[in-house]
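Q: So that you have it, the file is structure_1.json, and it contains JSON, C-alpha atoms:
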```
[["chain", "number", "residue", "atom", "x", "y", "z"],
["A", 153, "MET", "CA", 17.33, 24.76, 31.68],
["A", 154, "ILE", "CA", 20.61, 24.64, 33.52],
["A", 155, "ASN", "CA", 21.44, 21.20, 32.11],
["A", 156, "GLN", "CA", 20.67, 22.31, 28.55],
["A", 157, "PHE", "CA", 22.97, 25.28, 28.98],
["A", 158, "LEU", "CA", 25.77, 23.18, 30.50],
["A", 159, "ASN", "CA", 25.54, 20.67, 27.63],
["A", 160, "TYR", "CA", 25.77, 23.58, 25.20],
["A", 161, "LEU", "CA", 28.96, 24.71, 26.94],
["A", 162, "ARG", "CA", 30.43, 21.19, 26.90],
["A", 163, "TYR", "CA", 29.57, 20.00, 23.42],
["A", 164, "GLU", "CA", 29.05, 23.11, 21.28],
["A", 165, "ARG", "CA", 31.41, 25.59, 22.90],
["A", 166, "ASN", "CA", 34.00, 22.99, 24.04],
["A", 167, "ALA", "CA", 34.33, 24.85, 27.33],
["A", 168, "SER", "CA", 36.74, 23.49, 29.91],
["A", 169, "ALA", "CA", 35.49, 21.35, 32.78],
["A", 170, "GLN", "CA", 36.47, 24.15, 35.17],
["A", 171, "THR", "CA", 34.37, 26.71, 33.28],
["A", 172, "VAL", "CA", 31.37, 24.38, 33.20],
["A", 173, "GLN", "CA", 31.67, 23.74, 36.93],
["A", 174, "THR", "CA", 32.02, 27.46, 37.72],
["A", 175, "TYR", "CA", 28.93, 28.33, 35.67],
["A", 176, "GLU", "CA", 26.95, 25.46, 37.15],
["A", 177, "GLU", "CA", 27.74, 26.55, 40.71],
["A", 178, "ALA", "CA", 26.76, 30.16, 39.98],
["A", 179, "LEU", "CA", 23.44, 29.19, 38.35],
["A", 180, "GLU", "CA", 22.50, 26.74, 41.08],
["A", 181, "GLU", "CA", 23.36, 29.35, 43.70],
["A", 182, "PHE", "CA", 21.11, 31.92, 42.00],
["A", 183, "GLU", "CA", 18.31, 29.36, 41.62],
["A", 184, "SER", "CA", 18.53, 28.52, 45.35],
["A", 185, "TYR", "CA", 18.37, 32.22, 46.17],
["A", 186, "LEU", "CA", 15.18, 32.59, 44.11],
["A", 187, "ILE", "CA", 13.49, 29.62, 45.77],
["A", 188, "LEU", "CA", 14.36, 30.95, 49.24],
["A", 189, "ARG", "CA", 12.88, 34.32, 48.30],
["A", 190, "ASP", "CA", 9.67, 32.79, 46.98],
["A", 191, "ASN", "CA", 8.88, 29.15, 46.27],
["A", 192, "GLY", "CA", 7.08, 30.18, 43.10],
["A", 193, "LEU", "CA", 10.14, 31.86, 41.59],
["A", 194, "SER", "CA", 12.33, 30.19, 38.97],
["A", 195, "LEU", "CA", 15.11, 31.06, 36.56],
["A", 196, "ALA", "CA", 12.52, 31.63, 33.83],
["A", 197, "LYS", "CA", 10.59, 34.10, 36.02],
["A", 198, "ALA", "CA", 13.56, 36.06, 37.39],
["A", 199, "ASP", "CA", 13.77, 39.75, 36.61],
["A", 200, "THR", "CA", 16.50, 42.38, 36.70],
["A", 201, "ASP", "CA", 15.66, 43.53, 40.22],
["A", 202, "LEU", "CA", 16.02, 39.99, 41.56],
["A", 203, "ILE", "CA", 19.45, 39.67, 39.98],
["A", 204, "ARG", "CA", 20.50, 42.98, 41.53],
["A", 205, "ASP", "CA", 19.14, 41.87, 44.92],
["A", 206, "TRP", "CA", 21.12, 38.65, 44.65],
["A", 207, "MET", "CA", 24.32, 40.56, 43.88],
["A", 208, "GLU", "CA", 23.68, 42.80, 46.87],
["A", 209, "SER", "CA", 23.25, 39.74, 49.09],
["A", 210, "LEU", "CA", 26.57, 38.39, 47.79],
["A", 211, "MET", "CA", 28.27, 41.66, 48.69],
["A", 212, "ASP", "CA", 26.71, 41.53, 52.17],
["A", 213, "LYS", "CA", 28.27, 38.08, 52.60],
["A", 214, "GLY", "CA", 31.71, 39.49, 51.84],
["A", 215, "ASN", "CA", 32.16, 38.30, 48.26],
["A", 216, "SER", "CA", 34.68, 40.36, 46.29],
["A", 217, "ALA", "CA", 33.71, 42.40, 43.23],
["A", 218, "SER", "CA", 35.73, 39.99, 41.08],
["A", 219, "THR", "CA", 33.80, 36.96, 42.39],
["A", 220, "ILE", "CA", 30.42, 38.65, 41.91],
["A", 221, "ASN", "CA", 31.30, 39.70, 38.36],
["A", 222, "LYS", "CA", 32.22, 36.10, 37.50],
["A", 223, "LYS", "CA", 28.83, 34.91, 38.77],
["A", 224, "LEU", "CA", 27.08, 37.68, 36.84],
["A", 225, "SER", "CA", 28.98, 36.64, 33.71],
["A", 226, "ALA", "CA", 27.57, 33.12, 34.13],
["A", 227, "LEU", "CA", 24.04, 34.53, 34.37],
["A", 228, "ARG", "CA", 24.51, 36.69, 31.29],
["A", 229, "SER", "CA", 25.71, 33.72, 29.22],
["A", 230, "PHE", "CA", 22.88, 31.54, 30.53],
["A", 231, "TYR", "CA", 20.15, 34.04, 29.71],
["A", 232, "ARG", "CA", 21.56, 34.84, 26.24],
["A", 233, "PHE", "CA", 21.50, 31.11, 25.48],
["A", 234, "SER", "CA", 18.02, 30.66, 26.96],
["A", 235, "LEU", "CA", 16.57, 33.58, 25.00],
["A", 236, "LYS", "CA", 17.92, 32.22, 21.71],
["A", 237, "ARG", "CA", 16.43, 28.78, 22.48],
["A", 238, "ASN", "CA", 13.10, 30.34, 23.50],
["A", 239, "LEU", "CA", 13.44, 28.98, 27.04],
["A", 240, "VAL", "CA", 12.75, 32.45, 28.46],
["A", 241, "GLU", "CA", 10.72, 35.38, 27.15],
["A", 242, "HIS", "CA", 13.27, 38.06, 28.06],
["A", 243, "ASP", "CA", 16.88, 38.42, 29.20],
["A", 244, "PRO", "CA", 16.89, 40.00, 32.69],
["A", 245, "ALA", "CA", 20.71, 40.03, 32.99],
["A", 246, "HIS", "CA", 21.80, 41.98, 29.90],
["A", 247, "CYS", "CA", 21.43, 45.44, 31.49],
["A", 248, "VAL", "CA", 22.78, 44.56, 34.93],
["A", 249, "THR", "CA", 26.10, 46.19, 35.74],
["A", 250, "GLY", "CA", 28.50, 44.42, 38.07],
["A", 251, "PRO", "CA", 30.27, 46.09, 40.99],
["A", 252, "LYS", "CA", 33.44, 47.99, 40.21],
["A", 253, "LYS", "CA", 36.64, 46.35, 41.34],
["A", 254, "SER", "CA", 38.23, 48.40, 44.09],
["A", 255, "LYS", "CA", 41.74, 49.50, 43.32],
["A", 256, "PRO", "CA", 44.28, 48.76, 46.05],
["A", 257, "LEU", "CA", 45.46, 51.87, 47.84],
["A", 258, "PRO", "CA", 49.07, 52.87, 47.20],
["A", 259, "GLN", "CA", 51.56, 51.67, 49.78],
["A", 260, "PHE", "CA", 53.90, 54.30, 51.18],
["A", 261, "LEU", "CA", 56.47, 54.85, 53.91],
["A", 262, "ARG", "CA", 55.75, 57.15, 56.85],
["A", 263, "GLU", "CA", 57.90, 60.20, 57.39],
["A", 264, "GLY", "CA", 59.66, 58.60, 60.36],
["A", 265, "GLU", "CA", 60.61, 55.60, 58.22],
["A", 266, "MET", "CA", 62.01, 57.89, 55.54],
["A", 267, "ASP", "CA", 64.02, 59.76, 58.19],
["A", 268, "ARG", "CA", 65.50, 56.47, 59.40],
["A", 269, "LEU", "CA", 66.25, 55.44, 55.84],
["A", 270, "LEU", "CA", 68.09, 58.60, 54.87],
["A", 271, "ASP", "CA", 69.56, 59.75, 58.20],
["A", 272, "ASP", "CA", 70.04, 56.76, 60.51],
["A", 273, "LEU", "CA", 71.45, 54.04, 58.25],
["A", 274, "GLU", "CA", 75.21, 53.86, 57.89],
["A", 275, "TRP", "CA", 76.44, 55.41, 54.65],
["A", 276, "ASP", "CA", 80.08, 55.54, 53.58],
["A", 277, "ASP", "CA", 81.84, 57.40, 50.76],
["A", 278, "THR", "CA", 82.10, 54.51, 48.31],
["A", 279, "HIS", "CA", 80.42, 54.97, 44.95],
["A", 280, "LYS", "CA", 77.96, 52.14, 45.67],
["A", 281, "SER", "CA", 76.85, 53.60, 49.01],
["A", 282, "VAL", "CA", 76.60, 57.22, 47.84],
["A", 283, "ARG", "CA", 74.76, 56.12, 44.70],
["A", 284, "ALA", "CA", 72.22, 54.12, 46.73],
["A", 285, "ARG", "CA", 71.42, 57.01, 49.07],
["A", 286, "THR", "CA", 71.16, 59.48, 46.18],
["A", 287, "ILE", "CA", 68.77, 57.19, 44.28],
["A", 288, "LEU", "CA", 66.55, 56.81, 47.35],
["A", 289, "LEU", "CA", 66.64, 60.57, 47.97],
["A", 290, "LEU", "CA", 65.81, 61.32, 44.33],
["A", 291, "PHE", "CA", 62.81, 58.99, 44.29],
["A", 292, "TYR", "CA", 61.52, 60.51, 47.53],
["A", 293, "GLU", "CA", 62.12, 64.19, 46.73],
["A", 294, "ALA", "CA", 61.18, 64.17, 43.04],
["A", 295, "GLY", "CA", 58.59, 61.37, 42.79],
["A", 296, "LEU", "CA", 60.15, 59.83, 39.69],
["A", 297, "ARG", "CA", 59.19, 56.60, 37.98],
["A", 298, "ARG", "CA", 61.99, 54.05, 37.78],
["A", 299, "SER", "CA", 62.24, 54.46, 33.99],
["A", 300, "GLU", "CA", 62.55, 58.23, 34.43],
["A", 301, "LEU", "CA", 65.42, 57.87, 36.88],
["A", 302, "LEU", "CA", 67.19, 55.41, 34.58],
["A", 303, "GLY", "CA", 67.00, 57.86, 31.69],
["A", 304, "LEU", "CA", 68.54, 60.82, 33.53],
["A", 305, "ASN", "CA", 71.75, 62.28, 32.14],
["A", 306, "ASP", "CA", 74.07, 64.81, 33.75],
["A", 307, "GLU", "CA", 72.76, 67.52, 31.42],
["A", 308, "ASP", "CA", 69.24, 67.00, 32.78],
["A", 309, "VAL", "CA", 70.31, 68.34, 36.19],
["A", 310, "ASP", "CA", 70.31, 72.15, 36.31],
["A", 311, "PHE", "CA", 71.93, 73.19, 39.58],
["A", 312, "ALA", "CA", 71.67, 76.90, 38.76],
["A", 313, "SER", "CA", 67.87, 76.71, 38.58],
["A", 314, "SER", "CA", 67.49, 73.70, 40.92],
["A", 315, "GLN", "CA", 65.52, 71.82, 38.29],
["A", 316, "LEU", "CA", 65.42, 68.33, 36.78],
["A", 317, "LYS", "CA", 64.37, 67.72, 33.17],
["A", 318, "VAL", "CA", 62.55, 64.39, 33.19],
["A", 319, "THR", "CA", 61.35, 62.32, 30.23],
["A", 320, "GLY", "CA", 58.21, 60.43, 31.18],
["A", 321, "LYS", "CA", 55.66, 58.20, 29.46],
["A", 322, "ARG", "CA", 55.24, 58.69, 25.69],
["A", 323, "ASN", "CA", 58.42, 60.80, 25.79],
["A", 324, "LYS", "CA", 56.63, 63.69, 27.49],
["A", 325, "GLN", "CA", 59.09, 65.95, 29.24],
["A", 326, "ARG", "CA", 58.46, 67.87, 32.43],
["A", 327, "ILE", "CA", 60.50, 70.06, 34.77],
["A", 328, "ILE", "CA", 60.71, 69.16, 38.46],
["A", 329, "PRO", "CA", 62.18, 71.59, 41.01],
["A", 330, "PHE", "CA", 64.37, 70.26, 43.80],
["A", 331, "GLY", "CA", 65.62, 71.57, 47.13],
["A", 332, "GLU", "CA", 68.96, 72.07, 48.81],
["A", 333, "GLU", "CA", 69.24, 68.57, 50.27],
["A", 334, "LEU", "CA", 68.80, 66.86, 46.89],
["A", 335, "ALA", "CA", 71.12, 69.39, 45.24],
["A", 336, "ALA", "CA", 73.85, 68.62, 47.77],
["A", 337, "GLY", "CA", 73.22, 64.89, 47.41],
["A", 338, "LEU", "CA", 73.47, 64.96, 43.63],
["A", 339, "GLN", "CA", 76.61, 67.08, 43.66],
["A", 340, "HIS", "CA", 78.27, 64.75, 46.17],
["A", 341, "TYR", "CA", 77.28, 61.67, 44.18],
["A", 342, "MET", "CA", 78.60, 63.11, 40.89],
["A", 343, "ALA", "CA", 81.90, 64.05, 42.53],
["A", 344, "VAL", "CA", 82.33, 60.55, 44.03],
["A", 345, "ARG", "CA", 81.28, 58.91, 40.75],
["A", 346, "ASP", "CA", 83.73, 60.93, 38.67],
["A", 347, "ALA", "CA", 86.57, 60.32, 41.13],
["A", 348, "GLN", "CA", 86.02, 56.57, 41.39],
["A", 349, "LEU", "CA", 84.65, 55.63, 37.96],
["A", 350, "GLY", "CA", 85.11, 58.59, 35.66],
["A", 351, "GLY", "CA", 82.03, 60.01, 34.00],
["A", 352, "GLY", "CA", 80.45, 63.36, 33.46],
["A", 353, "HIS", "CA", 78.24, 64.56, 30.57],
["A", 354, "GLY", "CA", 76.68, 61.10, 30.18],
["A", 355, "PRO", "CA", 74.33, 58.87, 32.18],
["A", 356, "LEU", "CA", 73.73, 60.22, 35.67],
["A", 357, "PHE", "CA", 73.75, 56.87, 37.46],
["A", 358, "LEU", "CA", 76.42, 54.32, 36.57],
["A", 359, "ASN", "CA", 76.94, 50.72, 37.62],
["A", 360, "ASP", "CA", 80.30, 49.46, 38.86],
["A", 361, "LYS", "CA", 81.46, 48.91, 35.27],
["A", 362, "GLY", "CA", 80.88, 52.53, 34.33],
["A", 363, "MET", "CA", 77.75, 51.78, 32.26],
["A", 364, "ARG", "CA", 74.25, 53.20, 32.74],
["A", 365, "ILE", "CA", 72.59, 51.47, 35.70],
["A", 366, "THR", "CA", 69.83, 48.97, 34.86],
["A", 367, "GLY", "CA", 66.24, 48.76, 36.10],
["A", 368, "GLY", "CA", 66.96, 45.52, 37.92],
["A", 369, "GLN", "CA", 69.90, 47.05, 39.77],
["A", 370, "VAL", "CA", 67.80, 50.04, 40.86],
["A", 371, "TYR", "CA", 65.02, 47.75, 42.05],
["A", 372, "GLU", "CA", 67.45, 45.69, 44.15],
["A", 373, "ILE", "CA", 68.94, 48.84, 45.72],
["A", 374, "VAL", "CA", 65.50, 50.07, 46.75],
["A", 375, "ARG", "CA", 64.34, 46.66, 47.98],
["A", 376, "LYS", "CA", 67.48, 46.17, 50.08],
["A", 377, "TYR", "CA", 67.30, 49.51, 51.89],
["A", 378, "LEU", "CA", 63.54, 49.64, 52.32],
["A", 379, "SER", "CA", 63.75, 46.22, 53.97],
["A", 380, "ALA", "CA", 65.83, 47.83, 56.71],
["A", 381, "VAL", "CA", 63.16, 50.35, 57.74],
["A", 382, "THR", "CA", 59.70, 49.02, 56.81],
["A", 383, "SER", "CA", 57.60, 45.87, 57.01],
["A", 384, "LEU", "CA", 55.62, 46.70, 53.86],
["A", 385, "LYS", "CA", 55.25, 43.70, 51.58],
["A", 386, "LYS", "CA", 55.96, 45.79, 48.53],
["A", 387, "LYS", "CA", 59.41, 47.42, 48.48],
["A", 388, "SER", "CA", 59.76, 48.88, 45.01],
["A", 389, "PRO", "CA", 60.76, 52.26, 43.53],
["A", 390, "HIS", "CA", 57.05, 52.96, 43.00],
["A", 391, "VAL", "CA", 56.50, 52.82, 46.76],
["A", 392, "LEU", "CA", 58.85, 55.80, 47.06],
["A", 393, "ARG", "CA", 56.92, 57.60, 44.31],
["A", 394, "HIS", "CA", 53.74, 56.99, 46.33],
["A", 395, "THR", "CA", 55.57, 58.20, 49.45],
["A", 396, "PHE", "CA", 56.51, 61.44, 47.68],
["A", 397, "ALA", "CA", 52.92, 62.11, 46.58],
["A", 398, "THR", "CA", 51.43, 61.24, 49.99],
["A", 399, "ALA", "CA", 53.95, 63.45, 51.81],
["A", 400, "MET", "CA", 53.17, 66.35, 49.47],
["A", 401, "LEU", "CA", 49.42, 65.99, 50.01],
["A", 402, "ASN", "CA", 49.78, 65.64, 53.78],
["A", 403, "ASN", "CA", 51.81, 68.83, 53.89],
["A", 404, "GLY", "CA", 49.38, 71.02, 51.99],
["A", 405, "ALA", "CA", 50.10, 70.57, 48.28],
["A", 406, "ASP", "CA", 47.06, 70.70, 45.98],
["A", 407, "LEU", "CA", 46.13, 67.84, 43.65],
["A", 408, "GLU", "CA", 46.79, 69.81, 40.47],
["A", 409, "GLY", "CA", 50.34, 70.60, 41.59],
["A", 410, "ILE", "CA", 51.02, 66.97, 42.56],
["A", 411, "LYS", "CA", 49.57, 65.84, 39.22],
["A", 412, "ASN", "CA", 52.04, 68.03, 37.33],
["A", 413, "LEU", "CA", 55.00, 66.90, 39.43],
["A", 414, "LEU", "CA", 54.13, 63.22, 38.93],
["A", 415, "GLY", "CA", 53.45, 63.63, 35.22],
["A", 416, "HIS", "CA", 49.91, 62.27, 35.39],
["A", 417, "ALA", "CA", 47.73, 62.94, 32.34],
["A", 418, "SER", "CA", 44.63, 63.50, 34.48],
["A", 419, "VAL", "CA", 44.01, 64.66, 38.03],
["A", 420, "SER", "CA", 41.66, 61.67, 38.45],
["A", 421, "THR", "CA", 44.76, 59.47, 38.55],
["A", 422, "THR", "CA", 46.23, 61.60, 41.32],
["A", 423, "GLU", "CA", 43.04, 61.46, 43.40],
["A", 424, "ILE", "CA", 43.95, 57.97, 44.66],
["A", 425, "TYR", "CA", 46.26, 59.71, 47.16],
["A", 426, "THR", "CA", 43.31, 61.50, 48.77],
["A", 427, "HIS", "CA", 41.90, 58.05, 49.59],
["A", 428, "THR", "CA", 45.26, 57.07, 51.05],
["A", 429, "THR", "CA", 45.41, 60.08, 53.35],
["A", 430, "PHE", "CA", 41.76, 59.62, 54.34],
["A", 431, "GLU", "CA", 42.45, 56.01, 55.33],
["A", 432, "GLN", "CA", 45.38, 57.29, 57.37],
["A", 433, "LEU", "CA", 43.11, 59.82, 59.09],
["A", 434, "LYS", "CA", 40.60, 57.09, 59.91],
["A", 435, "ARG", "CA", 43.32, 55.01, 61.55],
["A", 436, "VAL", "CA", 44.54, 58.00, 63.57],
["A", 437, "TYR", "CA", 40.96, 58.75, 64.65],
["A", 438, "LYS", "CA", 40.26, 55.16, 65.64],
["A", 439, "GLU", "CA", 43.48, 54.91, 67.65],
["A", 440, "ALA", "CA", 43.18, 58.30, 69.36],
["A", 441, "HIS", "CA", 39.50, 59.07, 69.95],
["A", 442, "PRO", "CA", 38.20, 57.66, 73.25],
["A", 443, "ARG", "CA", 34.73, 56.89, 71.82],
["A", 444, "ALA", "CA", 35.85, 55.63, 68.43]]
```
Represent the structure contained in this file as structure tokens.
A:
Amino acid sequence: MINQFLNYLRYERNASAQTVQTYEEALEEFESYLILRDNGLSLAKADTDLIRDWMESLMDKGNSASTINKKLSALRSFYRFSLKRNLVEHDPAHCVTGPKKSKPLPQFLREGEMDRLLDDLEWDDTHKSVRARTILLLFYEAGLRRSELLGLNDEDVDFASSQLKVTGKRNKQRIIPFGEELAAGLQHYMAVRDAQLGGGHGPLFLNDKGMRITGGQVYEIVRKYLSAVTSLKKKSPHVLRHTFATAMLNNGADLEGIKNLLGHASVSTTEIYTHTTFEQLKRVYKEAHPRA
């Protein structure tokens, strides 16, 4: 049965040699599992429960969800083929659902790392230095996406109300409040920018040529300064957005409020940060509890 299916892949479907090998390995692995369970079992006699048991054994061995889903895909193709050729009486794989791929938890900086970043590094009064610190502060205190920061204009900053008007995905606008530290930082940056480059009533952040700063330039600024305070592999503006959300949650903010500040369409998107803080709690527990 396996050979018939593999020949079908080779000569009728023109599948690549790699695909044929991958499918062959998965089918032979499943067949070996069946024989070990019961010498009388075969691919033709397998049922849905046996396939689920096999997947569970793969998970127990440490296989990733992605690997298991690839093997399940091989079984589905095999049994569809076999049913059409009357090699089996039923397809036991069609209703089996593979394991969900786990989403990686957001990476974020700890509060002490953010304090070192904003307070302990040397900052001078050049436009480049003040701009860098203000960008880092804005990401951390407002939780913006990089595209949102790039799109900010002077008119979007309301110092009287301490609010930012931000244009997010699908041009949805939202209002984000800010505190005294960010207000002072923005005012200082705008004064330095206007004195050294000119500006005002246009793009908030300018490059050295007086044009709106680019996404690549913002990424390099963040990567450079995060490298000075953290060993995280990822050092992007989105890490600071995650840091904002995690800090808010750790300090008592509710998910609905964080959702609105981040501009998420659904609170289910925001819930990933509860997993982040729970993982943090588990680490604290394991390190601190004497019987952990």
Q: Residues of region 348-415 of chain A that have any atom at most 6 Å from an atom of region 254-271 of chain A: could you tabulate them with the shortest-distance atom pair and the distance in Å to one decimal, using only C-alpha atoms, ordered by chain and increasing number, as JSON lines?
A:
```
{"residue": "A:Val381", "atom": "CA", "partner": "A:Glu265", "partner_atom": "CA", "distance": 5.9}
{"residue": "A:Val391", "atom": "CA", "partner": "A:Phe260", "partner_atom": "CA", "distance": 5.3}
{"residue": "A:His394", "atom": "CA", "partner": "A:Phe260", "partner_atom": "CA", "distance": 5.5}
{"residue": "A:Thr395", "atom": "CA", "partner": "A:Phe260", "partner_atom": "CA", "distance": 4.6}
```
Q: Identify, on the basis of only C-alpha atoms, every residue whose closest approach to Ala196 (chain A) does not exceed 10 Å; exclude the query and any residue fewer than 6 positions from it along the same chain; express the result as number ranges by chain.
A: A: 153, 183, 231, 234-235, 239-244
Q: Taking into account all atoms listed in the file, which residue in the set A:Asn221, A:Thr366, A:Thr200, A:Ser194 is nearest to Phe182 (chain A)?
A: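 Among A:Asn221, A:Thr366, A:Thr200, A:Ser194, it is A:Ser194 that comes nearest to Phe182 (chain A).
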Q: So how far away is CA of Val172 (chain A) from CA of Ala226 (chain A), in Å?
A: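 Straight-line distance from CA of Ala226 (chain A) to CA of Val172 (chain A) works out to 9.6 Å.
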Q: When you draw a straight line from CA of Thr426 (chain A) to CA of Lys411 (chain A), how long is it in Å?
A: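 It comes out at 12.2 Å.
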